[in-house]
Amino acid sequence: MVNLKAAVFSIFPVAVFLAVWEALSLMGLFNPQFIPSPVSVGRELINSFAHENLLGDVFSSLGRVVIGFLIAAVLGIGLGLFVGANRKAKNFVMPLMELFRPVPPIAWIPIAILWFGLGDKPAYFLVFTAAFFPLFTNAVFGAINLEETYKRAAYSLGAQKKYLFTDVLIPASLPHIFAGMKIGLGVSWMAVITAEMVGAQSGLGYMIQFNRLLLDTPKLVVGMVVIGVIGFSLNKLMVRAEHALAPWKNLQ
Amino acid sequence: MKIEFQNISKSFNGGNNVSGIAVLDEISFGVAEAEFFCIVGPSGCGKSTIINLAAGFIFPDKGQISVDEAAVAGPSASRTVVFQDYALFPWKTVFENIEFGLKCANADKEQRRQSVINLAEKVRLSQFLDCYPDRLSGGMKQRVAIARALAVNPNIILMDEPFASLDQQTRDVLQEELLGFRNEFLQTIIFVTHNIEEAIFLGDKVMVMSHRPGRVKAILDVPFPKPRRPEIRNDSDFLKLKQSVWRLLREEAF
């Protein structure tokens with residue numbers, strides 16, 4: 001009941017926004033070449049799913065995000081936990097990270113295309129560069145913040161390094177790891193769209209860029225809407241995953 | 001197992017090249033096999049440092065700590081610790097917390113389950129095995145911590161003001177329960193507290209410490225036989241002993 005109410009509350013402003021937009025379109029205040037009406041976008045949305053390759057573009061983009069993000073998650077979280085738990089490694093790795101971190105993912109596009117050509121590979125790489133740093137930094141933070149008493153409790157109960165890692169360090173860092181995954185997945189999605197606008201022949205980023213060239217504005221907006229909805233859903237998915245994997249965090 | 005502290009000194013860094021702050025100064029005492037050894041002292045006298053040293057979390061600057069003649073080289077499941085702030089793993093259920101030490105010892109799963117169930121019954125937590133610690137009251141949390149410390153069947157249990165954050169009633173009940181366990185679990189115990197009554201009620205011996213840097217002021221025998229009735233707290237001999245410990249401590253509280 002509470003959920004339903006909350007849903008209605010968040011849908012209401014969106015409905016008002018669409019209604020005003022449609023009304024202004026009907027009154028002829030907008031040039032449809034620049035701002036198509038919601039109804040025409042909706043019609044185009046259905047058409048694109050039914051008769052065009054919108055679904056194919058969605059899967060291309062999602063596939064690139066999933067692969068790039070998974071590689072970044074394994075390396076970023078793994079390295080982050082190791083570095084956070086090991087002072088020597090931290091002293092060596094952190095300056096390198098500070099060197100690379102300020103380079104925005106977009107700035108990697110030219111060299112990614114140079115290295116990998118066009119298509120999936122530069123997109124994987126770009127998603128990786130975007131997601132890696134938030135994943136890494138948050139994992140480091142989680143590991144550094146492990147409370148000394150948990151370590152002491154574990155050691156005094158006979159824990160070896162293995163159990164300290166699997167039963168103490170990882171679960172204790174999990175809330176931070178998930179914070180990193182939420183940010184990382186969000187920027188991955190932005191990165192893949194950007195990558196596709198420049199260096200791909202498929203995917204939602206390519207699709208909106210292509211429709212700009214055709215001046216097919218409703219299709220372009222359809223692409224934007226789908227990008228937004230998927231970005232929103234990816235975040236929701238991560239929140240769900242966090243609830244399932246870190247249940248002790250949601251007691252209150 | 002018996003524990004021996006010989007001429008132990010320990011200081012901590014003052015930071016910024018300030019010379020170290022001496023916490024313990026030439027402390028010597030011995031705890032006999034199966035003895036319940038309580039330590040009382042003003043705050044900042046190094047009581048917790050004694051626990052950390054005995055546990056092997058930190059090492060003395062001078063002197064030697066030995067357990068049955070062997071020097072303490074680091075933490076070990078034969079010396080478990082009960083912490084003031086419980087230190088339960090919040091990501092583990094009550095069951096998993098109690099089970100953790102057995103898991104580290106590679107005990108088989110069924111055996112682990114049996115031990116956890118038995119211990120949970122003793123600490124009256126059978127109904128709460130699937131709960132996360134955040135759901136429990138302070139007294140329940142500390143009972144989980146005690147069960148966790150007992151599960152690995154240690155020779156020594158080190159208790160660092162375990163009941164200090166509990167209310168008086170819960171505290172009294174837990175003290176009585178802890179003594180009740182002594183029928184079955186005859187570990188050597190070092191129990192640190194700032195509560196004189198608690199030290200006398202629980203201890204076979206009470207060591208009184210001086211203000212920082214901590215020194216041994218006196219080690220008193222507690223003559224009351226065990227098991228002890230809760231009402232013993234109001235007996236005149238008990239109150240007399242409490243008075244004399246209080247007098248020793250008052251000299252330190254300036």
# chains A, B, ... in the order shown; residues from 1 in each chain; ligands from 1
call {"tool": "interface_residues", "arguments": {"of": "chain B", "to": "chain A", "cutoff": "6 Å", "atoms": "only C-alpha atoms", "output": "list in words"}}
result
Pro75, Ser76, Ala77, Thr80, Ala87, Trp91, Gly101 and Cys104 of chain B
call {"tool": "residues_around", "arguments": {"residues": "range 121-136 of chain A", "least_positions_apart": "2", "cutoff": "7 Å", "atoms": "only C-alpha atoms", "output": "MDAnalysis selection string"}}
result
chainID A and resid 64:65 67:69 71:73 76:77 79:80 101 105 108:109 112:113 116:119 138:140 177 180:181 183:185 187:188 191:192 195
call {"tool": "closest_residue", "arguments": {"among": "A:Leu54, A:Leu114, A:Ile170, A:Ile106", "to": "Leu204 in chain A", "atoms": "only C-alpha atoms"}}
result
A:Leu54
call {"tool": "residues_around", "arguments": {"residues": "range 141-145 of chain B", "least_positions_apart": "3", "cutoff": "6 Å", "atoms": "only C-alpha atoms", "output": "list in words"}}
result
Tyr86, Val123, Leu136, Gly138 and Arg148 of chain B
call {"tool": "residues_around", "arguments": {"residues": "Pro218 in chain A", "least_positions_apart": "6", "cutoff": "12 Å", "atoms": "only C-alpha atoms", "output": "JSON, numbers by chain"}}
result
{"A": [31, 32, 33, 34, 35, 36, 37, 38, 39, 40, 41, 42, 43, 44, 45, 46, 47, 48, 207, 208, 211, 212, 224, 225]}
call {"tool": "residues_around", "arguments": {"residues": "Glu251 in chain B", "least_positions_apart": "5", "cutoff": "12 Å", "atoms": "only C-alpha atoms", "output": "PyMOL selection string"}}
result
chain B and resi 41-42+208-211+217+244-246
call {"tool": "residues_around", "arguments": {"residues": "range 120-122 of chain B", "least_positions_apart": "6", "cutoff": "12 Å", "atoms": "only C-alpha atoms", "output": "number ranges by chain"}}
result
B: 94-99, 113-114, 128-130, 140-141, 143-148, 150-151, 177-178, 180-185
call {"tool": "write_last_selection", "arguments": {"atoms": "C-alpha atoms", "output": "CSV table (one decimal), in the first residue's frame"}}
result
chain,number,residue,atom,x,y,z
B,94,VAL,CA,23.8,-15.0,15.9
B,95,PHE,CA,24.3,-18.5,14.6
B,96,GLU,CA,27.1,-17.5,12.3
B,97,ASN,CA,28.8,-15.4,14.9
B,98,ILE,CA,28.9,-18.2,17.4
B,99,GLU,CA,30.0,-20.6,14.7
B,113,ARG,CA,25.7,-26.9,14.2
B,114,GLN,CA,25.4,-29.0,17.3
B,128,PHE,CA,17.4,-15.7,18.1
B,129,LEU,CA,19.8,-17.8,16.1
B,130,ASP,CA,18.7,-16.3,12.8
B,140,MET,CA,21.8,-10.3,24.5
B,141,LYS,CA,24.7,-9.1,22.3
B,143,ARG,CA,25.6,-13.3,25.7
B,144,VAL,CA,26.3,-14.0,22.0
B,145,ALA,CA,29.8,-12.7,22.4
B,146,ILE,CA,30.3,-15.0,25.4
B,147,ALA,CA,28.9,-18.0,23.5
B,148,ARG,CA,31.2,-17.1,20.6
B,150,LEU,CA,33.3,-20.3,24.5
B,151,ALA,CA,32.6,-22.1,21.3
B,177,GLU,CA,25.0,-16.4,34.5
B,178,LEU,CA,28.7,-16.1,34.0
B,180,GLY,CA,26.7,-20.4,36.5
B,181,PHE,CA,28.8,-21.3,33.4
B,182,ARG,CA,31.7,-22.1,35.7
B,183,ASN,CA,30.1,-25.4,36.6
B,184,GLU,CA,30.8,-26.5,33.0
B,185,PHE,CA,33.5,-24.2,31.7
call {"tool": "closest_residue", "arguments": {"among": "B:Leu239, B:Leu102, B:Asp61, B:Phe201", "to": "Pro154 in chain B", "atoms": "only C-alpha atoms"}}
result
B:Leu102
call {"tool": "closest_residue", "arguments": {"among": "B:Thr93, B:Ser43, B:Asn7, B:Ala107", "to": "Ser66 in chain B", "atoms": "only C-alpha atoms"}}
result
B:Asn7
call {"tool": "atom_distance", "arguments": {"atom1": "CA of Val222 in chain A", "atom2": "CA of Gly205 in chain A"}}
result
11.7 Å
call {"tool": "closest_residue", "arguments": {"among": "B:Leu125, B:Ile65, B:Pro213, B:Asn234", "to": "Phe12 in chain B", "atoms": "only C-alpha atoms"}}
result
B:Pro213
call {"tool": "atom_distance", "arguments": {"atom1": "CA of Met97 in chain A", "atom2": "CA of Gly84 in chain A"}}
result
13.1 Å
call {"tool": "atom_distance", "arguments": {"atom1": "CA of Arg215 in chain B", "atom2": "CA of Asp160 in chain B"}}
result
17.9 Å
call {"tool": "select_by_dssp", "arguments": {"residues": "range 3-152 of chain B", "states": "strand (DSSP E or B)", "output": "VMD selection string"}}
result
chain B and resid 3 to 12 21 to 31 36 to 40 62 to 67 70 to 71 79 to 82
call {"tool": "closest_residue", "arguments": {"among": "A:Gly203, A:Leu234, A:Ala241, A:Thr217", "to": "Ser60 in chain A", "atoms": "only C-alpha atoms"}}
result
A:Gly203
